[in-house]
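Asker: Provided herewith is a single structure, encoded as structure tokens, for subsequent inquiry.
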Amino acid sequence: MKQILLAVAVIALIIPVVLFVLNTEPAAEVVSTEGTSTNATTTFAWRFEEAQTNNLDGIPQTNIYLTIEHSNKKIEQRVDTVDGSCSEMEGEKYEGDVSDTGNIQCYAAGLGQQYRITQSKYVFFVERKLFEEALPDTVAPVYEWEVVKEFSFI
């Protein structure tokens, strides 16, 4: 009986560890791609790719990737998966953005996301801000910027 209880206890301890490892996103992948924007010695490039999924309402989704080259090292990571489609907003720059790429905006069915890149020493942050459409007689909520991905060059 003690052996069975011990086996159950060991399995109960192992299962959360296995689930954590399986659900943890892999480390940033170092890749070699061309950038589209340069900030001193840093190059930024956004890439959009149709996701193989739809949301619960059947709206197609888009994967957003960002490649940053800094100090002779390139890192590409998936930043987010959003409903609808995305585009670069050439000539538009949100306050605090350190890139020269122009910001990106994604949109579907009345709800959208805006993205910018900020920096603290050797760490770059991708920040997202939601926006909504509003009826003429209502005021749309104002959302704050939130960090959704970090790129560390330490």
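To be explicit about the labels: the chains of the structure tokens are called A, B, and onward in the order shown, and within each one the residues are counted from 1, while ligands get numbers from 1 in the order they are shown.
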Stretch 43-50 of chain A: which residues within 9 Å, counting only C-alpha atoms, same-chain residues fewer than 6 positions away excluded, as a list in words?

Answerer: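 Non-adjacent residues within range: Thr33, Glu34, Gly35, Thr36, Ser37, Pro60, Gln61, Thr62, Asn63, Ile64, Tyr65, Leu66, Thr67, Ile68, Glu69, His70, Lys74, Ser85, Cys86, Ser87, Glu88, Ser99, Asp100, Thr101 and Ile104 of chain A.
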
Asker: A:Asp83: which residues within 10 Å, counting only C-alpha atoms, same-chain residues fewer than 5 positions away excluded, as a PyMOL selection string?

Answerer: chain A and resi 51+53-55+57-63+106-109+111-113

Asker: Selected residues, C-alpha atoms, written as a PDB file, in the first residue's frame, please.

Answerer:
ATOM      1  CA  ALA A  51      -2.161  31.964 -38.715  1.00  0.00           C
ATOM      2  CA  THR A  53      -6.401  29.317 -36.861  1.00  0.00           C
ATOM      3  CA  ASN A  54      -9.565  31.373 -36.648  1.00  0.00           C
ATOM      4  CA  ASN A  55     -11.037  32.881 -33.496  1.00  0.00           C
ATOM      5  CA  ASP A  57     -16.310  33.749 -34.387  1.00  0.00           C
ATOM      6  CA  GLY A  58     -14.485  32.386 -37.435  1.00  0.00           C
ATOM      7  CA  ILE A  59     -12.354  35.502 -38.054  1.00  0.00           C
ATOM      8  CA  PRO A  60      -8.923  34.604 -39.499  1.00  0.00           C
ATOM      9  CA  GLN A  61      -5.943  35.338 -37.277  1.00  0.00           C
ATOM     10  CA  THR A  62      -2.471  36.768 -37.992  1.00  0.00           C
ATOM     11  CA  ASN A  63       0.861  35.945 -36.357  1.00  0.00           C
ATOM     12  CA  CYS A 106      -4.015  45.201 -36.387  1.00  0.00           C
ATOM     13  CA  TYR A 107      -7.795  45.282 -36.643  1.00  0.00           C
ATOM     14  CA  ALA A 108     -10.895  43.096 -36.823  1.00  0.00           C
ATOM     15  CA  ALA A 109     -14.578  43.664 -36.101  1.00  0.00           C
ATOM     16  CA  LEU A 111     -11.326  45.993 -31.960  1.00  0.00           C
ATOM     17  CA  GLY A 112      -7.697  46.679 -32.789  1.00  0.00           C
ATOM     18  CA  GLN A 113      -4.182  46.610 -31.423  1.00  0.00           C
TER      19      GLN A 113
END

Asker: With only C-alpha atoms as the basis for distance, which of A:Phe125, A:Gln52, A:Arg116, A:Thr41 is at the shortest distance from A:Ser152?

Answerer: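 Using only C-alpha atoms, A:Ser152 sits closest to A:Phe125.
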
Asker: Using DSSP on the backbone, list every residue of stretch 64-135 of chain A that comes out as strand (DSSP E or B), and give them as a PyMOL selection string.

Answerer: chain A and resi 64-70+73-83+85-89+103-108+111-120+123-132

Asker: Quick one: pull the distance between atom CA of A:Gly96 and atom CA of A:Glu127, Å, one decimal.

Answerer: 10.2 Å

Asker: Which residue is closest to A:Trp145? Choose from A:Arg128, A:Lys73, A:Lys121, A:Lys93 and count only C-alpha atoms.

Answerer: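 Closest to A:Trp145 of all the choices is A:Arg128.
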
Asker: Can you measure atom CA of A:Glu146 to atom CA of A:Tyr115 for me? One decimal in Å is fine.

Answerer: 9.5 Å

Asker: Would you compute the distance between atom CA of A:Tyr143 and atom CA of A:Ile75? Give it in Å to one decimal.

Answerer: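 Atom-to-atom, atom CA of A:Tyr143 to atom CA of A:Ile75, that is 28.7 Å.
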
Asker: Find, counting only C-alpha atoms, the residue in A:Gln114, A:Asn72, A:Thr42, A:Gln119 that gets nearest to A:Met89.

Answerer: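 That would be A:Gln114, the residue with the smallest distance to A:Met89.
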